[in-house]
Each structure stands twice: as C-alpha cells, then as structure tokens.
Amino acid sequence: MTRMTIGRRALVGAAAGLLAAPRVLRAQGGGRCVVGTWGGDYQDLLKANIDDPLMKPQGIEVLYDVAVAPPRKTKLLAERMTRRGTYDVACLSDIDMFEMAQQNLFDEPTPDLVPNMRNVIPALAKRYALPHIYSGKVILYNPAKMAKPRSYNDLWDPKLRGRVGLADGLYMQFIETAALINGGSPSNFEPAKKKLLELKALGAKVYPSNEALAAALKGEEVWATIMWLARGFMWKQAGIPVEHAVPEEGATPIVFDKAVPRNAPNKANGWKWMQAMLEPSAQAGFAARMGYVPTVRNATLPEDLAKQISFTEAEQEKFVKIDYQYIADNNAAYLDWWTREFKG
C-alpha cells in the first residue's frame, strides 16, 4: 500500500492518483529532499542514520514517498517527460535500478557532486547510481531440524518435503537458484522451470511476504529457505532459530542503489543526501541494525558483527555475476511463469 510521509505529517490526498503527489510536493520550499523508498524498518533507519543526524543540521527536511518498487518505477517512467518529477532520490534494488537506468532517467554521480563516492568499493560502482548497502543470497536453515546444507540442491532433498519456504517477492532469485543447479547460468534461466516444479512437488510453500516467511520459520512450520544473509541476521537477532550457509554454487550479491533523477525538483539536496548516505557513521548504523554490509571502504565494523554479516574473500570471489540485461529482458515472462505454473 502506497503512503506518503513528510517528517511526522502525512500528505493529505497522497493516494489521489499517480501524479497527484508531485503537484503537492512542488509547492514545498527549497530546503527539502524527496526520497522514494520502501517503508517500515528501512525508512526508520534512513531517518535515524541519515536524515536526523546529517541532513537536519544542513536545514534540509527529508520527505518520503513510500511504496513497494513497482509503483515507484511506474511513477519514474510516467514523469520522465515532465520538467519536475517527484523524487530527488530514487531507491531501488540493483536489478530494478538497472532497468530504470536504461530509460536514461538519472544523472550521473561524480566526485564533485558526491565526494564520498571516492570510497565506494570499486566492484559495486555504477555509472548511473551509487550503492547504499549490500548483502548476498544464502541458505537459511534451522540447525535443530537439519544438517548444515552445502548446496542449494540440498533443499530438494525428499527429507525436507513440505519444510522449504519461499517468499513470493524473491521469485527471480529462486528462478536463478534453480537454474544454477540444473545446467543454467546467469544468462539462461530456462533450466530452472523443471527444477522448480520438482520443488513444488516436494511441497515447497510460498509465503506472501518476508514477514510471513519469518513467522513460519519461527513456528518451525518450515525449516529452510533461500534469503539475503542480512535478513537472516535480523531474524536471528529477533529470536528466529536460523543459521546461514553460503552455498558452494556461490552467493548472489544484492545491492540497494540510489540515484538522482534528471528531473529532480531539489537536485542539489538529492546529492547532499547521497553524500550523507555514504558517510561511515550512516553505513555502520545500517549494518548494526539490518545486517547489510557497508559499500564504502572507510566504514569499519566491530569484529563480531563483521563475522556475522560479511563474506570472506574466498566467498566474494565466488559471487555469482548478475546479467542485469538478461533479467530486464525476461523478468515479465518469468514472473508470469512463476505465477501461473509454480504458484498456480
């Protein structure tokens, strides 16, 4: 459900239509920055680690346009020909950001605009966006119920019949996983279909949200899933009985990127927000609370925390290299297959 918050006040009529929000926001003064993002804990941490300590002292009020990714992507596309759009900063996963960047929607960040980008880990750098936080796809499992898995393929063991749970929103990650263990590659997911139907026959459960899956893991309704390591860290901190295993096939990284649209209404403040996002203090705050690894080299973490959320050099060398263009070209078709054949 889409909602808009401005500081502590809700914008009246935010749901009046796709382009109603920009009309209201244009009436605001120049000391504001509109961030299009997810809600919940993520938004709370943006406020606690970036907005309050780093933006407020500059006299900049941060506004949030809150929704899941698809409607925010639709808004970016709908507004691309307008002089002033909604967002000063757009927040998306790396796959979604790549798709939007192909439409030439974003300004290119430079060290003159964002000096802290000089500290970004080179492997995470992009021409059209800056990386905020990252993690990797791993296996989460209940150690009291099963042995530590070595491969993604271990989740297809008949001994786990009815005990594997999947979050619906990560459908493309599961398709990629099944492809990798059935002769496919990051540029060929077709072999996933047969493999996933085998998992369906073994009683794999699909949950509508990460939160619903977490409840199933906590209640021991399911014993294993495929998920971001950072999410596993949060769940473990909340008392859910999970450990993680990095599969021998290699973890697939997930990066949450930020970009400044070409038609941002307060573009200068958007770049200031991006600079604050890459401050070591802001990066460390997200790591401690959400378990995501910093994307800048000058952010240090306590040793114990780093062991729980980071990947070793050997594990980083085995990261699966994502073919963003392949996913962008085939996402709609695979979502249709997932909905009709796997969930149906």
# chains A, B, ... in the order shown; residues from 1 in each chain; ligands from 1

call {"tool": "residues_around", "arguments": {"residues": "range 56-59 of chain A", "least_positions_apart": "4", "cutoff": "7 Å", "atoms": "only C-alpha atoms", "output": "PyMOL selection string"}}
result
chain A and resi 31+51-52

call {"tool": "write_last_selection", "arguments": {"atoms": "C-alpha atoms", "output": "mmCIF file, in the first residue's frame"}}
result
data_model
loop_
_atom_site.group_PDB
_atom_site.id
_atom_site.type_symbol
_atom_site.label_atom_id
_atom_site.label_comp_id
_atom_site.auth_asym_id
_atom_site.auth_seq_id
_atom_site.Cartn_x
_atom_site.Cartn_y
_atom_site.Cartn_z
ATOM 1 C CA GLY A 31 15.093 23.125 1.832
ATOM 2 C CA ASP A 51 18.154 12.345 7.901
ATOM 3 C CA ASP A 52 18.217 13.321 11.579
#

call {"tool": "residues_around", "arguments": {"residues": "Ile175 in chain A", "least_positions_apart": "3", "cutoff": "7 Å", "atoms": "only C-alpha atoms", "output": "VMD selection string"}}
result
chain A and resid 171 to 172 178 to 179 189 192

call {"tool": "write_last_selection", "arguments": {"atoms": "N, CA, C and O atoms", "output": "short mmCIF file (atom, residue, chain, number, x, y, z; two decimals), in the first residue's frame"}}
result
data_model
loop_
_atom_site.label_atom_id
_atom_site.label_comp_id
_atom_site.auth_asym_id
_atom_site.auth_seq_id
_atom_site.Cartn_x
_atom_site.Cartn_y
_atom_site.Cartn_z
N TYR A 171 10.88 -14.15 -6.25
CA TYR A 171 10.69 -15.17 -7.27
C TYR A 171 11.88 -15.27 -8.22
O TYR A 171 12.31 -16.37 -8.61
N MET A 172 12.44 -14.13 -8.65
CA MET A 172 13.53 -14.18 -9.61
C MET A 172 14.79 -14.79 -8.98
O MET A 172 15.57 -15.47 -9.67
N ALA A 178 17.48 -22.16 -9.04
CA ALA A 178 17.15 -23.44 -9.68
C ALA A 178 17.89 -23.59 -11.00
O ALA A 178 18.29 -24.71 -11.38
N ALA A 179 18.10 -22.50 -11.71
CA ALA A 179 18.84 -22.56 -12.97
C ALA A 179 20.29 -22.97 -12.72
O ALA A 179 20.85 -23.81 -13.44
N PHE A 189 18.02 -18.86 -17.64
CA PHE A 189 17.22 -19.38 -16.53
C PHE A 189 16.24 -20.47 -16.94
O PHE A 189 15.52 -21.01 -16.10
N ALA A 192 15.62 -23.67 -15.01
CA ALA A 192 15.03 -23.55 -13.67
C ALA A 192 13.63 -24.11 -13.61
O ALA A 192 13.19 -24.60 -12.56
#

call {"tool": "select_by_dssp", "arguments": {"residues": "range 19-180 of chain A", "states": "helix (DSSP H, G or I)", "output": "ChimeraX atom specification"}}
result
/A:20-25,40-58,69-78,94-101,115-119,122-124,152-156,158-160,168-180

call {"tool": "residues_around", "arguments": {"residues": "Pro247 in chain A", "least_positions_apart": "3", "cutoff": "8 Å", "atoms": "only C-alpha atoms", "output": "list in words"}}
result
Val138, Ile139, Pro149, Arg150, Ser151, Tyr152, Gly250 and Ala251 of chain A

call {"tool": "write_last_selection", "arguments": {"atoms": "N, CA and C atoms", "output": "CSV table (one decimal), in the first residue's frame"}}
result
chain,number,residue,atom,x,y,z
A,138,VAL,N,21.9,-16.5,0.4
A,138,VAL,CA,22.4,-17.7,1.1
A,138,VAL,C,21.2,-18.6,1.4
A,139,ILE,N,21.6,-19.7,2.1
A,139,ILE,CA,20.5,-20.6,2.6
A,139,ILE,C,20.4,-20.3,4.1
A,149,PRO,N,23.4,-27.2,5.2
A,149,PRO,CA,23.4,-27.6,3.7
A,149,PRO,C,24.7,-27.1,3.1
A,150,ARG,N,25.1,-27.8,2.1
A,150,ARG,CA,26.3,-27.4,1.4
A,150,ARG,C,26.0,-26.7,0.0
A,151,SER,N,24.9,-27.1,-0.6
A,151,SER,CA,24.5,-26.7,-1.9
A,151,SER,C,23.0,-26.3,-1.9
A,152,TYR,N,22.6,-25.4,-2.8
A,152,TYR,CA,21.2,-25.1,-3.0
A,152,TYR,C,20.4,-26.4,-3.2
A,250,GLY,N,28.0,-20.5,-4.9
A,250,GLY,CA,28.3,-19.1,-4.8
A,250,GLY,C,27.1,-18.2,-4.4
A,251,ALA,N,27.3,-17.3,-3.6
A,251,ALA,CA,26.2,-16.3,-3.2
A,251,ALA,C,26.0,-15.3,-4.3

call {"tool": "residues_around", "arguments": {"residues": "Ala238 in chain A", "least_positions_apart": "4", "cutoff": "12 Å", "atoms": "only C-alpha atoms", "output": "PDB file with C-alpha atoms, in the first residue's frame"}}
result
ATOM      1  CA  GLU A 211       7.344 -11.328   7.413  1.00  0.00           C
ATOM      2  CA  ALA A 214       9.732 -15.337   9.165  1.00  0.00           C
ATOM      3  CA  ALA A 215       6.679 -16.356  11.182  1.00  0.00           C
ATOM      4  CA  LEU A 217      10.407 -20.224  10.377  1.00  0.00           C
ATOM      5  CA  LYS A 218       9.831 -19.108  13.951  1.00  0.00           C
ATOM      6  CA  ARG A 231      17.616 -10.665   6.511  1.00  0.00           C
ATOM      7  CA  GLY A 232      18.799 -13.834   8.234  1.00  0.00           C
ATOM      8  CA  PHE A 233      20.858 -11.720  10.625  1.00  0.00           C
ATOM      9  CA  MET A 234      17.794  -9.649  11.520  1.00  0.00           C
ATOM     10  CA  VAL A 242      18.148 -19.816  11.840  1.00  0.00           C
ATOM     11  CA  ARG A 289      20.546  -2.909  12.781  1.00  0.00           C
ATOM     12  CA  MET A 290      19.805  -4.609   9.451  1.00  0.00           C
TER      13      MET A 290
END
